[in-house]
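Text of protein20.tsv, listed as TSV, C-alpha atoms and all ligand atoms:
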chain	number	residue	atom	x	y	z
A	1	MET	CA	0.00	0.00	0.00
A	2	ARG	CA	1.35	3.39	-0.96
A	3	TRP	CA	0.16	6.48	0.87
A	4	PRO	CA	-0.78	9.66	-1.05
A	5	ASP	CA	0.69	13.03	-0.14
A	6	ARG	CA	-1.34	14.98	2.39
A	7	PRO	CA	-3.54	17.68	0.80
A	8	GLN	CA	-2.20	21.20	1.23
A	9	ALA	CA	-5.62	22.87	0.97
A	10	THR	CA	-7.36	24.06	4.14
A	11	VAL	CA	-11.03	23.81	5.02
A	12	THR	CA	-11.29	27.57	4.36
A	13	GLN	CA	-10.08	27.06	0.79
A	14	ALA	CA	-12.38	24.05	0.43
A	15	LEU	CA	-15.42	26.10	1.48
A	16	THR	CA	-14.51	28.86	-0.96
A	17	ALA	CA	-14.28	26.28	-3.75
A	18	CYS	CA	-17.55	24.60	-2.75
A	19	THR	CA	-19.53	27.82	-2.63
A	20	ALA	CA	-18.11	29.45	-5.79
A	21	GLY	CA	-20.99	30.01	-8.18
A	22	MET	CA	-23.58	28.90	-5.62
A	23	GLN	CA	-27.01	30.35	-6.51
A	24	ASP	CA	-28.69	29.65	-3.17
A	25	HIS	CA	-27.57	32.64	-1.08
A	26	VAL	CA	-29.33	31.43	2.07
A	27	GLU	CA	-27.39	28.16	1.90
A	28	LYS	CA	-24.18	30.02	1.12
A	29	GLN	CA	-24.65	32.31	4.13
A	30	ARG	CA	-25.40	29.33	6.36
A	31	LEU	CA	-22.17	27.60	5.28
A	32	GLU	CA	-20.11	30.77	5.65
A	33	GLY	CA	-21.58	31.17	9.12
A	34	LEU	CA	-20.23	27.72	9.97
A	35	LEU	CA	-16.71	28.46	8.74
A	36	THR	CA	-15.33	29.40	12.17
A	37	GLN	CA	-16.57	26.10	13.62
A	38	MET	CA	-15.02	24.25	10.68
A	39	GLN	CA	-11.69	26.04	11.22
A	40	ILE	CA	-11.72	25.19	14.94
A	41	ALA	CA	-12.56	21.57	14.07
A	42	GLU	CA	-9.69	21.49	11.58
A	43	ALA	CA	-7.25	22.85	14.19
A	44	SER	CA	-8.39	20.15	16.64
A	45	TYR	CA	-8.08	17.51	13.94
A	46	LEU	CA	-4.52	18.60	13.16
A	47	ARG	CA	-3.63	18.58	16.88
A	48	CYS	CA	-4.91	15.00	17.22
A	49	VAL	CA	-3.11	13.71	14.14
A	50	GLY	CA	0.05	15.65	15.05
A	51	GLY	CA	0.21	13.69	18.29
A	52	THR	CA	-0.90	10.56	16.37
A	53	ASP	CA	-3.72	10.16	18.89
A	54	LEU	CA	-6.21	9.41	16.16
A	55	HIS	CA	-8.68	7.74	18.47
A	56	ALA	CA	-9.10	11.11	20.21
A	57	LEU	CA	-10.78	12.35	17.03
A	58	ASN	CA	-13.83	10.25	17.91
A	59	THR	CA	-14.57	12.23	21.06
A	60	SER	CA	-13.17	15.67	20.17
A	61	PRO	CA	-15.90	18.15	21.14
A	62	ASP	CA	-14.78	20.58	18.41
A	63	LEU	CA	-15.38	17.95	15.74
A	64	LEU	CA	-18.74	16.86	17.11
A	65	LYS	CA	-20.39	20.28	16.65
A	66	GLY	CA	-22.46	21.37	13.65
A	67	GLN	CA	-25.24	18.93	14.52
A	68	GLN	CA	-28.26	21.26	14.16
A	69	PRO	CA	-30.34	19.49	11.48
A	70	LYS	CA	-30.27	22.37	8.95
A	71	ASP	CA	-26.54	22.96	9.53
A	72	LYS	CA	-25.77	19.27	9.23
A	73	GLU	CA	-27.76	18.93	6.00
A	74	ALA	CA	-26.03	22.00	4.52
A	75	LEU	CA	-22.58	20.65	5.43
A	76	VAL	CA	-23.29	17.25	3.88
A	77	ARG	CA	-24.68	19.01	0.77
A	78	ALA	CA	-21.52	21.11	0.63
A	79	TYR	CA	-19.67	17.86	-0.04
A	80	ASP	CA	-22.25	16.07	-2.21
A	81	GLN	CA	-23.09	19.07	-4.39
A	82	GLY	CA	-20.30	21.61	-3.84
A	83	LEU	CA	-17.18	19.45	-3.77
A	84	VAL	CA	-18.36	16.61	-5.99
A	85	GLY	CA	-20.57	18.48	-8.40
A	86	ARG	CA	-19.60	22.15	-8.70
A	87	LYS	CA	-16.72	23.24	-10.94
A	88	ASP	CA	-14.29	24.79	-8.42
A	89	GLY	CA	-15.11	22.21	-5.76
A	90	ARG	CA	-14.65	19.41	-8.25
A	91	ALA	CA	-11.18	20.70	-9.13
A	92	LEU	CA	-10.16	20.31	-5.48
A	93	TYR	CA	-11.89	16.91	-5.26
A	94	ASP	CA	-10.01	15.71	-8.35
A	95	SER	CA	-6.66	17.01	-7.08
A	96	ILE	CA	-7.04	15.04	-3.84
A	97	MET	CA	-7.95	11.89	-5.80
A	98	ALA	CA	-5.00	12.42	-8.15
A	99	ALA	CA	-2.53	12.29	-5.25
A	100	ALA	CA	-2.88	8.50	-4.98
A	101	PRO	CA	0.25	6.96	-6.58
A	102	HIS	CA	-0.65	5.22	-9.87
A	103	GLY	CA	-4.34	5.82	-9.12
A	104	GLU	CA	-4.21	2.90	-6.69
A	105	CYS	CA	-6.45	2.86	-3.61
A	106	PRO	CA	-4.18	3.46	-0.59
A	107	LEU	CA	-6.53	1.54	1.70
A	108	CYS	CA	-6.24	-1.81	-0.09
A	109	GLY	CA	-3.45	-1.46	-2.65
A	110	THR	CA	-5.50	-3.31	-5.27
A	111	GLY	CA	-8.52	-1.21	-6.28
A	112	GLU	CA	-8.56	1.84	-8.53
A	113	VAL	CA	-9.30	5.19	-6.93
A	114	ASP	CA	-12.72	6.44	-7.97
A	115	THR	CA	-13.98	8.35	-4.94
A	116	LEU	CA	-12.95	10.08	-1.71
A	117	ASP	CA	-13.45	8.38	1.63
A	118	HIS	CA	-14.30	10.43	4.74
A	119	TYR	CA	-11.88	9.18	7.39
A	120	MET	CA	-14.23	10.67	9.99
A	121	PRO	CA	-17.72	9.95	8.58
A	122	LYS	CA	-19.53	13.10	7.50
A	123	THR	CA	-22.85	11.87	8.92
A	124	VAL	CA	-21.32	11.79	12.41
A	125	PHE	CA	-18.84	14.67	12.00
A	126	PRO	CA	-20.48	17.09	9.54
A	127	LEU	CA	-17.84	19.79	10.21
A	128	CYS	CA	-15.33	17.39	8.60
A	129	SER	CA	-17.42	16.88	5.45
A	130	ILE	CA	-15.22	19.05	3.19
A	131	MET	CA	-12.07	19.19	5.37
A	132	PRO	CA	-9.27	18.17	2.96
A	133	ILE	CA	-7.19	16.25	5.51
A	134	ASN	CA	-10.26	14.14	6.25
A	135	LEU	CA	-10.68	13.15	2.59
A	136	VAL	CA	-8.74	10.09	1.44
A	137	PRO	CA	-8.64	8.71	-2.14
A	138	ALA	CA	-10.30	5.28	-2.17
A	139	CYS	CA	-11.85	2.61	-4.37
A	140	MET	CA	-15.59	1.99	-4.16
A	141	HIS	CA	-15.03	-1.39	-2.50
A	142	CYS	CA	-13.13	0.15	0.43
A	143	ASN	CA	-15.39	3.19	0.61
A	144	HIS	CA	-18.57	1.13	0.85
A	145	GLY	CA	-17.09	-1.51	3.11
A	146	LYS	CA	-15.99	0.97	5.76
A	147	GLY	CA	-19.36	2.54	6.57
A	148	ALA	CA	-19.85	5.13	9.31
A	149	ALA	CA	-19.01	2.96	12.33
A	150	LEU	CA	-16.48	4.46	14.75
A	151	ALA	CA	-13.58	2.55	16.25
A	152	GLY	CA	-14.45	1.18	19.67
A	153	SER	CA	-10.86	1.29	20.93
A	154	PRO	CA	-7.45	2.76	19.96
A	155	ASP	CA	-6.42	-0.66	18.63
A	156	THR	CA	-9.27	-0.69	16.13
A	157	GLN	CA	-8.79	2.89	14.91
A	158	PRO	CA	-8.44	2.68	11.10
A	159	LEU	CA	-5.10	3.58	9.53
A	160	HIS	CA	-4.96	7.16	8.29
A	161	PRO	CA	-2.96	7.33	5.03
A	162	TYR	CA	-1.91	10.95	5.65
A	163	VAL	CA	-0.74	10.33	9.17
A	164	ASP	CA	0.34	6.78	9.98
A	165	GLN	CA	3.95	5.94	9.16
A	166	LEU	CA	4.53	2.26	8.41
A	167	GLY	CA	8.13	2.66	7.23
A	168	TYR	CA	9.73	1.30	4.11
A	169	GLU	CA	10.61	-2.18	5.34
A	170	ARG	CA	8.59	-5.25	4.47
A	171	TRP	CA	5.70	-6.26	6.71
A	172	LEU	CA	3.38	-8.06	4.28
A	173	VAL	CA	4.12	-11.78	4.01
A	174	ALA	CA	2.74	-14.40	1.63
A	175	ASP	CA	2.70	-18.08	2.57
A	176	VAL	CA	2.44	-20.42	-0.42
A	177	LEU	CA	0.16	-23.33	0.42
A	178	PRO	CA	0.75	-26.77	-1.16
A	179	THR	CA	-2.75	-27.00	-2.56
A	180	ILE	CA	-3.87	-28.03	-6.04
A	181	PRO	CA	-3.57	-25.58	-7.68
A	182	ALA	CA	-1.15	-23.58	-5.50
A	183	SER	CA	-2.78	-20.95	-3.31
A	184	VAL	CA	-1.40	-18.10	-1.23
A	185	ARG	CA	-2.27	-16.77	2.21
A	186	PHE	CA	-1.26	-13.20	3.04
A	187	ARG	CA	-0.64	-11.95	6.55
A	188	VAL	CA	0.86	-9.01	8.45
A	189	GLN	CA	4.22	-9.58	10.12
A	190	ALA	CA	4.48	-6.66	12.52
A	191	ARG	CA	7.80	-4.87	12.41
A	192	ALA	CA	9.91	-4.73	15.57
A	193	ASP	CA	9.99	-0.92	15.51
A	194	TRP	CA	6.20	-0.60	15.49
A	195	PRO	CA	4.55	0.19	18.81
A	196	PRO	CA	2.07	-2.55	19.83
A	197	SER	CA	-0.91	-0.28	19.12
A	198	LEU	CA	0.24	0.30	15.52
A	199	ALA	CA	0.75	-3.46	15.01
A	200	ALA	CA	-2.80	-4.06	16.27
A	201	ARG	CA	-4.21	-1.35	14.00
A	202	VAL	CA	-2.41	-2.65	10.89
A	203	ARG	CA	-3.80	-6.15	11.59
A	204	HIS	CA	-7.24	-4.69	12.17
A	205	HIS	CA	-7.02	-2.74	8.90
A	206	PHE	CA	-5.93	-5.90	7.09
A	207	ASP	CA	-8.87	-7.86	8.51
A	208	SER	CA	-11.54	-5.18	8.16
A	209	TYR	CA	-10.75	-4.61	4.48
A	210	ASN	CA	-10.60	-8.38	3.93
A	211	LEU	CA	-7.14	-8.06	2.39
A	212	SER	CA	-6.05	-11.66	2.90
A	213	LEU	CA	-8.93	-12.86	0.74
A	214	ARG	CA	-8.63	-10.05	-1.81
A	215	TYR	CA	-4.87	-10.49	-2.22
A	216	GLY	CA	-5.29	-14.28	-2.30
A	217	GLN	CA	-7.73	-13.98	-5.21
A	218	LYS	CA	-5.37	-11.68	-7.10
A	219	ALA	CA	-2.44	-14.02	-6.45
A	220	GLY	CA	-4.37	-17.09	-7.57
A	221	ARG	CA	-5.22	-15.50	-10.90
A	222	HIS	CA	-1.65	-14.25	-11.29
A	223	LEU	CA	-0.19	-17.71	-10.61
A	224	ALA	CA	-2.49	-19.30	-13.17
A	225	GLY	CA	-1.25	-16.82	-15.77
A	226	SER	CA	2.43	-17.30	-14.79
A	227	ARG	CA	2.36	-21.09	-14.66
A	228	ARG	CA	3.69	-21.64	-18.17
A	229	ASP	CA	6.62	-19.24	-17.69
A	230	HIS	CA	7.49	-20.71	-14.30
A	231	ALA	CA	7.30	-24.27	-15.66
A	232	ARG	CA	9.73	-23.31	-18.42
A	233	LEU	CA	12.20	-21.92	-15.88
A	234	LEU	CA	11.77	-24.97	-13.66
A	235	ALA	CA	12.75	-27.17	-16.60
A	236	LEU	CA	16.15	-25.41	-16.43
A	237	GLY	CA	16.41	-26.22	-12.72
A	238	PRO	CA	14.88	-25.13	-9.38
A	239	ASP	CA	17.70	-22.66	-8.72
A	240	ILE	CA	17.05	-20.90	-12.03
A	241	LEU	CA	13.36	-20.57	-11.14
A	242	ARG	CA	14.14	-19.39	-7.60
A	243	HIS	CA	16.57	-16.77	-8.87
A	244	ALA	CA	14.01	-15.47	-11.39
A	245	LEU	CA	11.35	-15.24	-8.65
A	246	GLU	CA	13.77	-13.36	-6.38
A	247	GLU	CA	14.54	-10.94	-9.19
A	248	ASP	CA	10.82	-10.32	-9.70
A	249	ALA	CA	10.38	-9.79	-5.96
A	250	GLU	CA	13.23	-7.27	-5.78
A	251	SER	CA	11.85	-5.47	-8.81
A	252	TRP	CA	8.38	-5.13	-7.25
A	253	ALA	CA	9.92	-4.10	-3.94
A	254	LEU	CA	11.49	-1.05	-5.58
A	255	THR	CA	7.98	0.21	-6.34
A	256	ASP	CA	6.32	-0.89	-3.12
A	257	PRO	CA	7.92	-3.22	-0.54
A	258	ASN	CA	4.45	-4.13	0.70
A	259	ALA	CA	2.59	-4.60	-2.55
A	260	TRP	CA	0.84	-7.97	-2.72
A	261	GLU	CA	3.00	-8.73	-5.78
A	262	THR	CA	6.21	-8.15	-3.79
A	263	ALA	CA	5.03	-10.44	-1.01
A	264	LEU	CA	3.87	-13.04	-3.54
A	265	TYR	CA	7.22	-13.28	-5.32
A	266	PHE	CA	9.23	-13.40	-2.09
A	267	GLY	CA	6.83	-16.10	-0.89
A	268	LEU	CA	7.20	-18.14	-4.08
A	269	ALA	CA	11.00	-17.83	-4.06
A	270	SER	CA	11.18	-19.12	-0.48
A	271	SER	CA	8.75	-21.99	-1.06
A	272	GLU	CA	10.72	-25.22	-1.50
A	273	TRP	CA	7.47	-26.92	-2.50
A	274	TYR	CA	6.77	-24.44	-5.32
A	275	VAL	CA	10.25	-24.26	-6.83
A	276	ASN	CA	10.66	-28.05	-6.71
A	277	GLY	CA	7.63	-28.82	-8.79
A	278	GLY	CA	4.60	-27.77	-6.73
A	279	LEU	CA	3.71	-25.26	-9.42
A	280	LEU	CA	3.13	-28.13	-11.83
A	281	GLN	CA	0.31	-29.51	-9.67
A	282	VAL	CA	-3.04	-28.89	-11.33
A	301	ZN	ZN	-9.51	0.01	-1.89
As structure tokens - that is how I would like this structure written.
Amino acid sequence: MRWPDRPQATVTQALTACTAGMQDHVEKQRLEGLLTQMQIAEASYLRCVGGTDLHALNTSPDLLKGQQPKDKEALVRAYDQGLVGRKDGRALYDSIMAAAPHGECPLCGTGEVDTLDHYMPKTVFPLCSIMPINLVPACMHCNHGKGAALAGSPDTQPLHPYVDQLGYERWLVADVLPTIPASVRFRVQARADWPPSLAARVRHHFDSYNLSLRYGQKAGRHLAGSRRDHARLLALGPDILRHALEEDAESWALTDPNAWETALYFGLASSEWYVNGGLLQV
């Protein structure tokens, strides 16, 4: 998974973009009247993420304001109509989506980005509805799967792609299973330099987005397509095949050390069963 760069725009700039060209002056005045609350919420948000106490976001009183029904509806509309649908707002929306490397969803590392996910759900935290740091590029699968539920404990707080630092070392591992045909199970191997809470959150993220299954499906299809090439290399000897798999793994690792492809190739190269003929099982 590769994290996008954090948006530089502020909530003040986002509101300006959302309300540019707005015909409904009552709505525009209502939103402008909420700007101070949005700015205070943004400052609190930045304080929480600066201290990496993301779970504190759930109970921050500054973020929980803006709940008067008409205010809340206007704030949600500011996103749905202003940021998604109006020209200046859409330009900001698109720029945040475009920050995802290779258009790949940072939450799963497999889907294509086609929406923005509210890290803090807008239905619960309407003041965060157009706050750029709260908007994360995502695929539809991840966006729909997450819902509006809040983490019940710090260990189940979702990863925040703009905030959480997972480092550049490998932590995604693929175990090749001697099944017919070969299958792969992906898992998180927590790094020694991660605090226990981060290790718990990465595992929770992995489970809640069903990444073991999703990566396993991708790997299964990939193995089926690679079988002929791998069989040809195996005919030259297991060491030739292993070396080729290691080369592929190192090549993928240059792009992303924790891509499912990187983990897959390292897993294949270290599987005695696979490189000694397991791949030929059908
Ligand atoms: Zn995704």
**OP:** Write out as an MDAnalysis selection string which residues come within 12 Å of A:Ala9 when counting all atoms listed in the file, dropping same-chain ones fewer than 6 positions away.
**Re:** chainID A and resid 15:17 42 89 91:93 95:96 130:135
**OP:** Step by step, measure atom-to-atom distances between ligand ZN 301 (chain A) and each residue using all atoms listed in the file, keep those at most 8 Å, then write them as a PyMOL selection string.
**Re:** chain A and resi 104-113+138-143+209
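Atom pair atom CA of A:Met1 / atom CA of A:Pro257 has a distance of 8.6 Å (rounded to one decimal).
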**OP:** Select, from A:Tyr45, A:His55, A:Asp117, A:Thr123, the residue with the minimum atom-to-atom distance to A:Asp71, counting only C-alpha atoms.
**Re:**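 Among the listed residues, A:Thr123 lies closest to A:Asp71.
Coordinates place atom CA of A:Arg2 at a distance of 25.0 Å from atom CA of A:Ala244.
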Original post:
What is the distance between atom CA of A:Ile180 and atom CA of A:His205, in Å to one decimal?
Top reply: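 Separation between atom CA of A:Ile180 and atom CA of A:His205: 29.5 Å.
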**OP:** Quick one: everything within 9 Å of A:Gly66, counting all atoms listed in the file, minus sequence neighbours fewer than 5 positions away in the same chain. Send it as a list in words.
**Re:**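 Once the adjacent positions are removed, what remains is Leu34, Gln37, Met38, Asp71, Lys72, Leu75, Phe125, Pro126 and Leu127 of chain A.
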Would you save the residues of that selection, restricted to C-alpha atoms, as a short mmCIF file (atom, residue, chain, number, x, y, z; two decimals), in the coordinates of the input?
data_model
loop_
_atom_site.label_atom_id
_atom_site.label_comp_id
_atom_site.auth_asym_id
_atom_site.auth_seq_id
_atom_site.Cartn_x
_atom_site.Cartn_y
_atom_site.Cartn_z
CA LEU A 34 -20.23 27.72 9.97
CA GLN A 37 -16.57 26.10 13.62
CA MET A 38 -15.02 24.25 10.68
CA ASP A 71 -26.54 22.96 9.53
CA LYS A 72 -25.77 19.27 9.23
CA LEU A 75 -22.58 20.65 5.43
CA PHE A 125 -18.84 14.67 12.00
CA PRO A 126 -20.48 17.09 9.54
CA LEU A 127 -17.84 19.79 10.21
#
**OP:** Can you work out which one of A:Arg187, A:Arg86, A:His230, A:Lys70 has the shortest atom-to-atom distance to A:Ala174, counting all atoms listed in the file?
**Re:**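 Going through A:Arg187, A:Arg86, A:His230, A:Lys70 one by one, the smallest distance to A:Ala174 is for A:Arg187.
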Subject >> Pick from A:Asp229, A:Asp114, A:Asp175, A:Glu169, whichever lies nearest to A:Ser271 using all atoms listed in the file >> reply: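 Looking at the shortest contact to A:Ser271, the residue is A:Asp175.
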**OP:** Please determine the residues with any atom at most 9 Å from (3.5, -4.9, 4.3) (coordinates as given in the file, with only C-alpha atoms counting) and report them as a list in words.
**Re:**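 Collected hits near the coordinates: Met1, Leu166, Tyr168, Glu169, Arg170, Trp171, Leu172, Val173, Arg187, Val188, Gln189, Ala190, Asp256, Pro257, Asn258, Ala259, Trp260 and Ala263 of chain A.
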Subject >> All residues 12 Å or closer to A:Tyr274, only C-alpha atoms, same chain fewer than 2 positions away omitted, as an MDAnalysis selection string >> reply: chainID A and resid 175:184 223 227 230:231 234 238:239 241:242 245 264:272 276:281
Subject >> Within-12 Å shell of (3.3, 2.7, 18.0) in input frame, all atoms listed in the file, as a PyMOL selection string >> reply: chain A and resi 51-54+154-155+159+164-167+190-202
